[in-house]
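Asks: This is query_15.cif, which holds mmCIF, C-alpha atoms and all ligand atoms:
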data_model
loop_
_atom_site.label_atom_id
_atom_site.label_comp_id
_atom_site.auth_asym_id
_atom_site.auth_seq_id
_atom_site.Cartn_x
_atom_site.Cartn_y
_atom_site.Cartn_z
CA MET A 179 0.00 0.00 0.00
CA HIS A 180 1.14 3.55 -0.69
CA ALA A 181 2.77 5.18 2.30
CA GLN A 182 0.43 8.19 2.04
CA LEU A 183 -2.61 5.91 2.25
CA GLU A 184 -1.14 4.02 5.17
CA ALA A 185 -0.54 7.33 6.93
CA LEU A 186 -4.12 8.45 6.19
CA LEU A 187 -5.57 5.24 7.61
CA SER A 188 -3.45 5.62 10.74
CA LEU A 189 -4.68 9.20 11.00
CA GLN A 190 -8.26 8.02 10.75
CA ALA A 191 -7.66 5.36 13.43
CA GLU A 192 -6.14 7.95 15.77
CA ASP A 193 -9.04 10.33 15.10
CA ASP A 194 -11.35 7.54 16.28
CA VAL A 195 -9.34 7.43 19.51
CA VAL A 196 -9.53 11.23 19.89
CA ASP A 197 -13.28 11.33 19.23
CA ALA A 198 -13.95 8.50 21.69
CA ILE A 199 -12.15 10.47 24.42
CA VAL A 200 -14.05 13.64 23.49
CA THR A 201 -17.32 11.70 23.79
CA ARG A 202 -16.33 10.56 27.28
CA ILE A 203 -15.41 14.13 28.28
CA ASP A 204 -18.76 15.36 26.92
CA ALA A 205 -20.55 12.82 29.13
CA ILE A 206 -19.10 14.44 32.26
CA ALA A 207 -21.11 17.67 32.17
CA PRO A 208 -24.46 15.82 32.46
CA ARG A 209 -23.10 13.91 35.48
CA LEU A 210 -22.34 17.20 37.23
CA ALA A 211 -25.70 18.61 36.18
CA ALA A 212 -27.40 15.51 37.63
CA LEU A 213 -25.66 16.14 40.97
CA ASP A 214 -26.86 19.76 40.91
CA ALA A 215 -30.41 18.67 40.10
CA GLU A 216 -30.37 16.04 42.85
CA ARG A 217 -29.31 18.61 45.42
CA ALA A 218 -31.86 21.14 44.18
CA THR A 219 -34.62 18.55 44.58
CA ALA A 220 -33.56 17.72 48.14
CA ALA A 221 -33.36 21.44 49.01
CA ARG A 222 -36.76 22.14 47.47
CA GLN A 223 -38.37 19.29 49.41
CA LEU A 224 -36.95 20.65 52.66
CA GLU A 225 -38.11 24.17 51.80
CA GLN A 226 -41.65 23.01 50.97
CA THR A 227 -41.86 21.02 54.19
CA LEU A 228 -40.66 24.01 56.22
CA ASP A 229 -43.36 26.14 54.56
CA GLN A 230 -45.96 23.54 55.51
CA LEU A 231 -44.58 23.52 59.04
CA LEU A 232 -44.87 27.30 59.35
CA ALA A 233 -48.49 27.21 58.16
CA ALA A 234 -49.38 24.33 60.50
CA GLU A 235 -47.71 26.04 63.46
CA GLN A 236 -49.64 29.22 62.73
CA LYS A 237 -52.87 27.19 62.67
CA GLN A 238 -51.86 25.51 65.92
CA ARG A 239 -51.42 28.90 67.59
CA GLU A 240 -54.80 30.07 66.31
CA ILE A 241 -56.58 26.98 67.58
CA GLY A 242 -54.67 27.25 70.86
CA HIS A 243 -55.94 30.83 71.36
CA LEU A 244 -59.46 29.76 70.51
CA VAL A 245 -59.37 26.89 73.01
CA SER A 246 -58.08 29.09 75.79
CA GLU A 247 -60.87 31.57 75.07
CA HIS A 248 -63.41 28.73 75.22
CA ARG A 249 -61.85 27.59 78.47
CA GLN A 250 -62.07 31.05 80.09
CA ARG A 251 -65.65 31.49 78.92
CA GLN A 252 -66.47 28.06 80.26
CA ASP A 253 -64.93 28.93 83.64
CA ARG A 254 -67.20 32.00 83.70
CA ASN A 255 -70.20 29.86 82.67
CA VAL A 256 -69.53 27.46 85.52
CA ALA A 257 -69.05 30.31 88.00
CA GLN A 258 -72.28 31.88 86.77
CA PHE A 259 -74.08 28.60 87.25
CA ASP A 260 -72.81 28.36 90.83
CA LEU A 261 -74.16 31.83 91.56
CA VAL A 262 -77.73 31.38 90.34
CA LYS A 263 -80.35 30.39 92.84
CA ARG A 264 -83.60 30.40 90.94
CA MET A 265 -84.70 27.41 88.92
CA ARG A 266 -85.33 29.17 85.59
CA GLU A 267 -82.03 30.97 85.67
CA ALA A 268 -80.34 27.71 86.62
CA GLU A 269 -81.70 25.97 83.55
CA ALA A 270 -80.42 28.73 81.28
CA ALA A 271 -77.04 28.72 82.99
CA LEU A 272 -76.85 24.92 82.74
CA SER A 273 -77.51 24.88 78.99
CA GLN A 274 -74.81 27.53 78.63
CA VAL A 275 -72.43 25.30 80.56
CA GLU A 276 -73.35 22.32 78.33
CA ALA A 277 -72.90 24.34 75.13
CA GLY A 278 -69.60 25.75 76.38
CA LYS A 279 -68.42 22.27 77.29
CA LYS A 280 -69.08 21.02 73.76
CA LEU A 281 -67.24 23.98 72.22
CA LEU A 282 -64.30 23.36 74.52
CA LEU A 283 -64.19 19.62 73.76
CA ASP A 284 -64.36 20.24 69.99
CA GLY A 285 -61.63 22.85 70.28
CA GLU A 286 -59.44 20.50 72.29
CA ASN A 287 -59.92 17.78 69.65
CA ASP A 288 -58.90 20.21 66.92
CA LEU A 289 -55.89 21.19 68.96
CA ARG A 290 -54.78 17.57 69.37
CA ASP A 291 -55.18 17.01 65.61
CA ILE A 292 -53.13 20.03 64.66
CA GLU A 293 -50.47 19.14 67.26
CA ALA A 294 -50.15 15.67 65.72
CA ARG A 295 -49.94 17.24 62.28
CA VAL A 296 -47.24 19.69 63.34
CA ALA A 297 -45.26 16.84 64.90
CA GLY A 298 -45.55 14.81 61.69
CA ILE A 299 -44.40 17.68 59.47
CA ARG A 300 -41.56 18.46 61.87
CA GLN A 301 -40.39 14.86 61.60
CA ALA A 302 -40.59 15.00 57.78
CA ALA A 303 -38.60 18.25 57.78
CA GLU A 304 -35.98 16.59 59.97
CA LEU A 305 -35.69 13.72 57.49
CA HIS A 306 -35.34 16.09 54.54
CA ARG A 307 -32.72 18.03 56.45
CA GLU A 308 -30.76 14.82 57.07
CA VAL A 309 -30.99 13.84 53.39
CA LEU A 310 -29.67 17.24 52.37
CA ALA A 311 -26.86 17.14 54.94
CA GLU A 312 -25.92 13.64 53.83
CA PHE A 313 -25.95 14.84 50.26
CA ASP A 314 -23.72 17.81 51.02
CA ALA A 315 -21.35 15.60 52.97
CA THR A 316 -20.83 13.21 50.04
CA GLN A 317 -21.24 15.83 47.30
CA GLU A 318 -17.67 17.09 47.49
CA GLY A 319 -16.27 13.58 47.16
CA LYS A 320 -18.46 12.82 44.18
CA ARG A 321 -17.56 16.09 42.48
CA SER A 322 -13.83 15.70 42.98
CA GLU A 323 -14.09 12.13 41.69
CA ILE A 324 -15.74 13.43 38.52
CA GLU A 325 -13.21 16.26 38.23
CA ALA A 326 -10.34 13.77 38.56
CA ALA A 327 -11.89 11.65 35.81
CA ARG A 328 -12.15 14.75 33.65
CA ARG A 329 -8.51 15.70 34.23
CA ALA A 330 -7.37 12.17 33.39
CA LEU A 331 -9.40 12.20 30.19
CA GLN A 332 -8.04 15.60 29.22
CA ALA A 333 -4.49 14.33 29.65
CA GLU A 334 -5.41 11.29 27.55
CA LEU A 335 -6.89 13.60 24.94
CA ALA A 336 -3.79 15.80 24.80
CA ALA A 337 -1.62 12.70 24.27
CA ALA A 338 -3.94 11.32 21.56
CA GLN A 339 -4.05 14.69 19.82
CA SER A 340 -0.29 14.98 19.77
CA THR A 341 -0.01 11.45 18.37
CA ARG A 342 -2.61 12.42 15.80
CA ASP A 343 -0.74 15.58 14.83
CA GLY A 344 2.46 13.55 14.38
CA ILE A 345 0.71 11.15 12.04
CA ALA A 346 -1.01 13.99 10.17
CA GLU A 347 2.37 15.35 9.08
CA ARG A 348 2.97 12.15 7.13
CA VAL A 349 -0.21 12.66 5.08
CA PRO A 350 0.15 14.88 1.98
CA LYS A 351 -1.36 18.32 2.50
CA ASP A 352 -4.10 18.23 -0.16
CA MET A 353 -5.21 14.74 0.91
CA ARG A 354 -5.27 15.85 4.52
CA ALA A 355 -7.31 18.96 3.73
CA ILE A 356 -10.03 16.87 2.06
CA TYR A 357 -10.00 14.28 4.83
CA ASP A 358 -10.01 16.84 7.67
CA LYS A 359 -12.95 18.71 6.19
CA MET A 360 -15.05 15.56 5.92
CA ARG A 361 -13.95 14.14 9.23
CA GLU A 362 -14.80 17.36 11.02
CA ARG A 363 -18.30 17.30 9.58
CA ARG A 364 -19.06 13.63 10.20
CA ARG A 365 -16.90 12.83 13.22
CA THR A 366 -16.73 9.19 12.18
CA GLN A 367 -15.01 6.98 9.62
CA VAL A 368 -14.89 8.69 6.19
CA VAL A 369 -12.18 6.69 4.40
CA TYR A 370 -13.30 3.32 3.04
CA PRO A 371 -11.55 0.70 0.91
CA LEU A 372 -12.87 -0.52 -2.37
CA ALA A 373 -14.05 -4.07 -1.90
CA TYR A 374 -14.56 -6.23 -4.99
CA GLY A 375 -14.77 -3.10 -7.13
CA ALA A 376 -17.38 -1.38 -4.98
CA CYS A 377 -17.52 1.17 -2.14
CA SER A 378 -17.40 -0.78 1.12
CA ALA A 379 -19.65 1.80 2.79
CA CYS A 380 -22.57 1.78 0.32
CA ASP A 381 -21.71 -0.88 -2.25
CA THR A 382 -21.79 1.47 -5.26
CA SER A 383 -19.49 0.06 -7.94
CA VAL A 384 -16.48 1.89 -9.28
CA PRO A 385 -15.39 1.27 -12.89
CA VAL A 386 -12.61 -1.32 -12.96
CA GLN A 387 -10.19 0.96 -14.79
CA ARG A 388 -10.66 3.75 -12.29
CA GLY A 389 -10.13 1.37 -9.40
CA LYS A 390 -6.88 0.21 -10.95
CA GLN A 391 -5.62 3.77 -11.35
CA MET A 392 -6.51 4.60 -7.76
CA ALA A 393 -4.51 1.58 -6.62
CA ILE A 394 -1.51 2.49 -8.76
CA ARG A 395 -1.44 6.16 -7.72
CA GLY A 396 -2.51 5.72 -4.13
CA THR A 397 -5.13 8.46 -4.51
CA LEU A 398 -8.58 8.98 -3.05
CA GLU A 399 -11.84 9.29 -4.94
CA ALA A 400 -15.18 10.39 -3.54
CA CYS A 401 -17.79 7.64 -3.82
CA GLU A 402 -20.55 8.63 -6.22
CA GLY A 403 -23.10 6.88 -4.05
CA CYS A 404 -22.33 8.09 -0.52
CA GLY A 405 -19.59 10.67 -0.91
CA MET A 406 -17.13 8.79 1.31
CA LEU A 407 -13.44 8.82 0.42
CA LEU A 408 -12.44 5.62 -1.34
CA TYR A 409 -9.01 4.09 -1.75
CA ALA A 410 -7.94 0.96 -3.57
CA THR A 411 -5.21 -1.55 -2.93
CA GLU A 412 -3.70 -3.77 -5.58
ZN ZN A 501 -20.19 4.76 -1.14
#
Would you encode the structure as structure tokens?
Replies:
Amino acid sequence: MHAQLEALLSLQAEDDVVDAIVTRIDAIAPRLAALDAERATAARQLEQTLDQLLAAEQKQREIGHLVSEHRQRQDRNVAQFDLVKRMREAEAALSQVEAGKKLLLDGENDLRDIEARVAGIRQAAELHREVLAEFDATQEGKRSEIEAARRALQAELAAAQSTRDGIAERVPKDMRAIYDKMRERRRTQVVYPLAYGACSACDTSVPVQRGKQMAIRGTLEACEGCGMLLYATE
């Protein structure tokens, strides 16, 4: 095989190595973004729970005030009842005591409910806080692990690119210009051998005479079917 073709095929092989490393480097940004998103979710959950807690605590205070008002009124009702002597007044005072008692009991039930609710939300907030703290504690390790992977890949990339540049110098300038332009656009294999007189990428045939000349001169031809760069070997 012509030395220039051999050099071009080596260049293509090294470009595959370079592109594979670039693909791995490109995959790193989403990993960091996923970490950010995970933390944001944990933080949002904590924030929402704390909002719920504030609202429930406010409600608890309101119900608490209401119950203590009921209780004071009920104390007055009972005192009033103790004071009355006459039967008719006693009946009225008694029904007031009964009504007040019901209000107070209902209020106390509401208070117990809201207290249980506040305790539940507080517990949930505590859990979310722990998740977030745990996340922050391990976050730095995860990030530096990813950063280290990125640095290693970048070193690998620099080495592969310098190997690539070394090989590129062995490829004639005009051939390289055509190859580089196509490679940059497609970022995958663009040089294909003729196989049994046809393009090995798309199977379009090349006239026998032309194939022979390509083999003798070691030149490239664009495939009429797929546009890939074809070479022939004798
Ligand atoms: Zn083709």
Asks: Could I get the residue neighbourhood of ligand ZN 501 (chain A) at 6 Å, counting all atoms listed in the file, as a short mmCIF file (atom, residue, chain, number, x, y, z; two decimals) with C-alpha atoms, in the frame of the given file?
Replies:
data_model
loop_
_atom_site.label_atom_id
_atom_site.label_comp_id
_atom_site.auth_asym_id
_atom_site.auth_seq_id
_atom_site.Cartn_x
_atom_site.Cartn_y
_atom_site.Cartn_z
CA CYS A 377 -17.52 1.17 -2.14
CA ALA A 379 -19.65 1.80 2.79
CA CYS A 380 -22.57 1.78 0.32
CA ASP A 381 -21.71 -0.88 -2.25
CA THR A 382 -21.79 1.47 -5.26
CA CYS A 401 -17.79 7.64 -3.82
CA GLY A 403 -23.10 6.88 -4.05
CA CYS A 404 -22.33 8.09 -0.52
CA GLY A 405 -19.59 10.67 -0.91
CA MET A 406 -17.13 8.79 1.31
#
Asks: Might you pull out every residue within 9 Å of Thr227 in chain A, with all atoms listed in the file counted and same-chain residues fewer than 2 positions away left off, and present them as a list in words?
Replies: Arg222, Gln223, Leu224, Glu225, Asp229, Gln230, Leu231, Leu232, Ile299, Arg300, Ala302, Ala303 and His306 of chain A
Asks: Which residue out of A:Leu282, A:Ala207, A:Leu310, A:Ala234 has the minimum interatomic distance to Arg251 in chain A when all atoms listed in the file are used?
Replies: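 Ranked by minimum distance to Arg251 in chain A, first place goes to A:Leu282.
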Asks: Could you check which of A:Leu335, A:Ile324, A:Ile241, A:Ile394 is closest to Ala211 in chain A, using all atoms listed in the file?
Replies: A:Ile324
Asks: As an exercise, work out the distance from CA of Pro208 in chain A to CA of Lys320 in chain A in Å and give it to one decimal place.
Replies: 13.5 Å
Asks: Save range 252-388 of chain A to disk from that block, C-alpha atoms included, as an mmCIF file, in the first residue's frame.
Replies:
data_model
loop_
_atom_site.group_PDB
_atom_site.id
_atom_site.type_symbol
_atom_site.label_atom_id
_atom_site.label_comp_id
_atom_site.auth_asym_id
_atom_site.auth_seq_id
_atom_site.Cartn_x
_atom_site.Cartn_y
_atom_site.Cartn_z
ATOM 1 C CA GLN A 252 -66.466 28.060 80.256
ATOM 2 C CA ASP A 253 -64.927 28.934 83.638
ATOM 3 C CA ARG A 254 -67.197 31.996 83.698
ATOM 4 C CA ASN A 255 -70.205 29.858 82.669
ATOM 5 C CA VAL A 256 -69.528 27.463 85.524
ATOM 6 C CA ALA A 257 -69.053 30.307 87.997
ATOM 7 C CA GLN A 258 -72.281 31.877 86.767
ATOM 8 C CA PHE A 259 -74.076 28.603 87.254
ATOM 9 C CA ASP A 260 -72.811 28.363 90.830
ATOM 10 C CA LEU A 261 -74.163 31.834 91.560
ATOM 11 C CA VAL A 262 -77.731 31.376 90.341
ATOM 12 C CA LYS A 263 -80.351 30.392 92.841
ATOM 13 C CA ARG A 264 -83.596 30.401 90.942
ATOM 14 C CA MET A 265 -84.696 27.409 88.918
ATOM 15 C CA ARG A 266 -85.327 29.169 85.592
ATOM 16 C CA GLU A 267 -82.027 30.971 85.675
ATOM 17 C CA ALA A 268 -80.341 27.713 86.619
ATOM 18 C CA GLU A 269 -81.695 25.972 83.549
ATOM 19 C CA ALA A 270 -80.419 28.735 81.276
ATOM 20 C CA ALA A 271 -77.038 28.715 82.994
ATOM 21 C CA LEU A 272 -76.846 24.918 82.741
ATOM 22 C CA SER A 273 -77.510 24.882 78.991
ATOM 23 C CA GLN A 274 -74.809 27.528 78.625
ATOM 24 C CA VAL A 275 -72.426 25.303 80.556
ATOM 25 C CA GLU A 276 -73.347 22.323 78.334
ATOM 26 C CA ALA A 277 -72.902 24.339 75.133
ATOM 27 C CA GLY A 278 -69.598 25.745 76.379
ATOM 28 C CA LYS A 279 -68.416 22.271 77.287
ATOM 29 C CA LYS A 280 -69.080 21.020 73.756
ATOM 30 C CA LEU A 281 -67.242 23.977 72.221
ATOM 31 C CA LEU A 282 -64.304 23.362 74.518
ATOM 32 C CA LEU A 283 -64.185 19.618 73.756
ATOM 33 C CA ASP A 284 -64.361 20.241 69.990
ATOM 34 C CA GLY A 285 -61.631 22.847 70.282
ATOM 35 C CA GLU A 286 -59.437 20.498 72.289
ATOM 36 C CA ASN A 287 -59.917 17.782 69.649
ATOM 37 C CA ASP A 288 -58.898 20.213 66.917
ATOM 38 C CA LEU A 289 -55.889 21.188 68.958
ATOM 39 C CA ARG A 290 -54.779 17.569 69.371
ATOM 40 C CA ASP A 291 -55.178 17.013 65.614
ATOM 41 C CA ILE A 292 -53.134 20.026 64.657
ATOM 42 C CA GLU A 293 -50.468 19.139 67.258
ATOM 43 C CA ALA A 294 -50.145 15.669 65.718
ATOM 44 C CA ARG A 295 -49.944 17.243 62.276
ATOM 45 C CA VAL A 296 -47.244 19.691 63.338
ATOM 46 C CA ALA A 297 -45.256 16.836 64.903
ATOM 47 C CA GLY A 298 -45.554 14.810 61.685
ATOM 48 C CA ILE A 299 -44.401 17.675 59.474
ATOM 49 C CA ARG A 300 -41.562 18.461 61.872
ATOM 50 C CA GLN A 301 -40.388 14.865 61.596
ATOM 51 C CA ALA A 302 -40.588 14.997 57.785
ATOM 52 C CA ALA A 303 -38.600 18.246 57.776
ATOM 53 C CA GLU A 304 -35.976 16.585 59.970
ATOM 54 C CA LEU A 305 -35.691 13.722 57.485
ATOM 55 C CA HIS A 306 -35.342 16.091 54.540
ATOM 56 C CA ARG A 307 -32.717 18.029 56.450
ATOM 57 C CA GLU A 308 -30.760 14.818 57.069
ATOM 58 C CA VAL A 309 -30.990 13.839 53.395
ATOM 59 C CA LEU A 310 -29.665 17.244 52.375
ATOM 60 C CA ALA A 311 -26.858 17.143 54.944
ATOM 61 C CA GLU A 312 -25.922 13.636 53.832
ATOM 62 C CA PHE A 313 -25.948 14.836 50.263
ATOM 63 C CA ASP A 314 -23.720 17.813 51.019
ATOM 64 C CA ALA A 315 -21.346 15.599 52.966
ATOM 65 C CA THR A 316 -20.831 13.214 50.037
ATOM 66 C CA GLN A 317 -21.241 15.826 47.299
ATOM 67 C CA GLU A 318 -17.670 17.094 47.492
ATOM 68 C CA GLY A 319 -16.269 13.579 47.158
ATOM 69 C CA LYS A 320 -18.463 12.823 44.179
ATOM 70 C CA ARG A 321 -17.564 16.093 42.476
ATOM 71 C CA SER A 322 -13.828 15.700 42.983
ATOM 72 C CA GLU A 323 -14.091 12.129 41.692
ATOM 73 C CA ILE A 324 -15.740 13.427 38.525
ATOM 74 C CA GLU A 325 -13.211 16.259 38.229
ATOM 75 C CA ALA A 326 -10.344 13.771 38.558
ATOM 76 C CA ALA A 327 -11.890 11.646 35.806
ATOM 77 C CA ARG A 328 -12.154 14.749 33.649
ATOM 78 C CA ARG A 329 -8.514 15.703 34.231
ATOM 79 C CA ALA A 330 -7.370 12.169 33.389
ATOM 80 C CA LEU A 331 -9.404 12.203 30.188
ATOM 81 C CA GLN A 332 -8.038 15.597 29.218
ATOM 82 C CA ALA A 333 -4.486 14.326 29.652
ATOM 83 C CA GLU A 334 -5.407 11.292 27.553
ATOM 84 C CA LEU A 335 -6.890 13.602 24.937
ATOM 85 C CA ALA A 336 -3.789 15.796 24.795
ATOM 86 C CA ALA A 337 -1.623 12.703 24.266
ATOM 87 C CA ALA A 338 -3.937 11.321 21.565
ATOM 88 C CA GLN A 339 -4.049 14.688 19.815
ATOM 89 C CA SER A 340 -0.293 14.976 19.774
ATOM 90 C CA THR A 341 -0.009 11.446 18.373
ATOM 91 C CA ARG A 342 -2.608 12.418 15.804
ATOM 92 C CA ASP A 343 -0.737 15.584 14.827
ATOM 93 C CA GLY A 344 2.457 13.549 14.382
ATOM 94 C CA ILE A 345 0.710 11.149 12.045
ATOM 95 C CA ALA A 346 -1.012 13.994 10.165
ATOM 96 C CA GLU A 347 2.373 15.350 9.085
ATOM 97 C CA ARG A 348 2.973 12.151 7.134
ATOM 98 C CA VAL A 349 -0.207 12.665 5.081
ATOM 99 C CA PRO A 350 0.153 14.884 1.981
ATOM 100 C CA LYS A 351 -1.362 18.321 2.500
ATOM 101 C CA ASP A 352 -4.095 18.228 -0.160
ATOM 102 C CA MET A 353 -5.211 14.739 0.911
ATOM 103 C CA ARG A 354 -5.266 15.847 4.516
ATOM 104 C CA ALA A 355 -7.307 18.957 3.731
ATOM 105 C CA ILE A 356 -10.030 16.868 2.064
ATOM 106 C CA TYR A 357 -9.995 14.282 4.828
ATOM 107 C CA ASP A 358 -10.008 16.842 7.674
ATOM 108 C CA LYS A 359 -12.946 18.709 6.185
ATOM 109 C CA MET A 360 -15.054 15.556 5.923
ATOM 110 C CA ARG A 361 -13.947 14.140 9.235
ATOM 111 C CA GLU A 362 -14.804 17.363 11.023
ATOM 112 C CA ARG A 363 -18.298 17.300 9.580
ATOM 113 C CA ARG A 364 -19.058 13.629 10.204
ATOM 114 C CA ARG A 365 -16.900 12.828 13.223
ATOM 115 C CA THR A 366 -16.726 9.189 12.179
ATOM 116 C CA GLN A 367 -15.009 6.984 9.618
ATOM 117 C CA VAL A 368 -14.894 8.693 6.194
ATOM 118 C CA VAL A 369 -12.178 6.686 4.396
ATOM 119 C CA TYR A 370 -13.296 3.316 3.036
ATOM 120 C CA PRO A 371 -11.546 0.703 0.912
ATOM 121 C CA LEU A 372 -12.871 -0.524 -2.372
ATOM 122 C CA ALA A 373 -14.046 -4.067 -1.901
ATOM 123 C CA TYR A 374 -14.560 -6.232 -4.992
ATOM 124 C CA GLY A 375 -14.775 -3.104 -7.126
ATOM 125 C CA ALA A 376 -17.385 -1.376 -4.979
ATOM 126 C CA CYS A 377 -17.521 1.170 -2.143
ATOM 127 C CA SER A 378 -17.404 -0.782 1.125
ATOM 128 C CA ALA A 379 -19.649 1.801 2.786
ATOM 129 C CA CYS A 380 -22.568 1.777 0.325
ATOM 130 C CA ASP A 381 -21.712 -0.884 -2.253
ATOM 131 C CA THR A 382 -21.794 1.473 -5.258
ATOM 132 C CA SER A 383 -19.487 0.063 -7.935
ATOM 133 C CA VAL A 384 -16.478 1.890 -9.279
ATOM 134 C CA PRO A 385 -15.395 1.268 -12.889
ATOM 135 C CA VAL A 386 -12.609 -1.316 -12.965
ATOM 136 C CA GLN A 387 -10.194 0.965 -14.790
ATOM 137 C CA ARG A 388 -10.660 3.753 -12.288
#
